[in-house]
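Asks: Encoded as structure tokens, here's the structure I'll be asking about.
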Amino acid sequence: MKHLKKLYENNIKWADRINQEKPTFFSDLSKQQSPDYLWIGCSDSRVASEQLVGLQPGELFVHRNIANVVVPTDLNCLSVIQYAVEILKVKHIIVCGHYGCGGVLASMQSIELGLIDNWLCHIKNVHQKYQHELQEYSDETERLDRLCELNVIEQVKNICHTTMVQRAWRNNKEISVHGCIYTLETGILKDLNVRYSQVQDLNAIFQLRKAKKNVYKSNITVMETS
Ligand code: CO
């Protein structure tokens with residue numbers, strides 16, 4: 001308690017202030033949450049999700065990890081997306097990166113950091129995909145910032161490729177996936193103008209169709225007869 005004294009004191013002040021402004025705020029919020037947005041951002045302590053978009057508790061469902069990466073085998077992130085899409089029924093999923101991201105920077109360097117290097121491989125894959133474009137930047141900071149943007153764009157696509165988002169679209173649910181990037185020096189959020197709201201927006205390789213009932217059986221038949 002004594003080590004976190006300041007935090008507990010701050011908490012009492014914060015709750016008091018909100019209670020004074022709206023006495024029913026916490027009791028109302030305790031009954032349910034119905035956020036319209038899922039936010040997937042970097043764990044960086046300087047990118048304060050709710051505050052920077054002026055939203056209150058209850059308005060933003062949040063998942064954060066190092067360098068805002070969405071991996072289709074990460075059960076943690078997938079569970080957040082599934083719950084947000086299917087139970088909370090959010091309307092928008094936002095990937096928010098930030099310029100000067102330490103995780104993205106580490107992925108550009110070849111210094112062994114340990115376990116995290118495995119995580120950073122996902123960003124290295126983005127780096128490799130856009131290697132030719134990134135090589136055009138002679139300024140290292142500009143190259144880093146462009147990779148920060150490209151990483152957001154690729155993670156937006158990764159979200160769209162998940163079964164949860166594609167199934168939601170197939171069931172005519174209105175849900176859009178967006179990408180934006182935050183500037184630490186100014187506090188300004190920039191729209192990267194990347195937005196997906198239907199399965200047709202995706203590369204055909206990733207588009208999923210509902211399986212026909214006997215498709216598996218017929219495949220076996222084809223295999224047996226060929
Ligand atoms: Co970061």
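Order determines the names: the first chain of the structure tokens is A, the second B, and so forth; residues in each chain are numbered 1 upward, and ligands are numbered 1 upward as they are shown.
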Using only C-alpha atoms, which residues sit within 12 Å of Phe26 in chain A once same-chain residues fewer than 6 positions away are excluded, as JSON, numbers by chain?
Replies: {"A": [14, 15, 16, 17, 18, 19, 20, 32, 33, 56, 57, 58]}
Asks: Fewer than 6 positions away in the same chain doesn't count, so skip those; otherwise give me all residues within 9 Å of Cys77 in chain A, counting only C-alpha atoms, as a PyMOL selection string.
Replies: chain A and resi 40+63-65+69-71
Asks: Which residues of chain A sit at most 6 Å from ligand 1, using only C-alpha atoms and all ligand atoms? Give each one's shortest atom pair and distance in Å (one decimal place), in chain and ascending residue order, as a Markdown table.
Replies:
| residue | atom | partner | partner_atom_place_in_ligand_line | distance |
| --- | --- | --- | --- | --- |
| A:Cys42 | CA | ligand 1 | 1 (Co) | 4.7 |
| A:Asp44 | CA | ligand 1 | 1 (Co) | 5.0 |
| A:Ile66 | CA | ligand 1 | 1 (Co) | 6.0 |
| A:Ala67 | CA | ligand 1 | 1 (Co) | 4.5 |
| A:Cys101 | CA | ligand 1 | 1 (Co) | 3.7 |
| A:Gly102 | CA | ligand 1 | 1 (Co) | 5.2 |
| A:Gly103 | CA | ligand 1 | 1 (Co) | 5.4 |
Asks: Using DSSP on the backbone coordinates, identify all residues within range 2-105 of chain A classified as helix (DSSP H, G or I); present the result as a count of residues only.
Replies: 48
Asks: Rounded to one decimal in Å, what is the spacing between CA of Gly100 in chain A and CA of His178 in chain A?
Replies: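 Pair CA of Gly100 in chain A / CA of His178 in chain A returns 20.2 Å.
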Asks: Go through A:Leu208, A:Leu113, A:Cys180, A:Leu75 and flag the residue nearest Val152 in chain A, using only C-alpha atoms for the distances.
Replies: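 The answer is A:Cys180, which sits nearest to Val152 in chain A.
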Asks: List every residue of range 100-224 of chain A that DSSP, applied to the backbone of this structure, assigns to strand (DSSP E), and report them as a ChimeraX atom specification.
Replies: /A:176-182,189-196
Asks: Please compute the CA of Lys89 in chain A-CA of Asp36 in chain A distance, one decimal, in Å.
Replies: 7.4 Å
Asks: Could you check the closest approach to Ile123 in chain A for each of A:Asp201, A:Glu154, A:Glu86, A:Glu174 and tell me which residue wins, using only C-alpha atoms?
Replies: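 Closest residue, counting only C-alpha atoms: A:Glu154.
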Asks: Which distance in Å separates CA of Leu134 in chain A and CA of Leu184 in chain A, to one decimal?
Replies: 21.8 Å
Asks: With only C-alpha atoms as the atoms that count, which of A:Leu115, A:Ile181, A:Ile93, A:Ile159 lies nearest to Asp145 in chain A?
Replies: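 Counting only C-alpha atoms, the residue closest to Asp145 in chain A is A:Ile181.
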Asks: Rank nothing, just name the residue among A:Tyr99, A:Trp39, A:Trp169, A:Tyr196 nearest to Arg209 in chain A, using only C-alpha atoms.
Replies: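 That would be A:Trp169, the residue with the smallest distance to Arg209 in chain A.
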Asks: Using only C-alpha atoms, can you tell me which of A:Val80, A:Val47, A:Asp117, A:Asn125 comes closest to Thr183 in chain A?
Replies: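 Result for the nearest residue to Thr183 in chain A: A:Val47.
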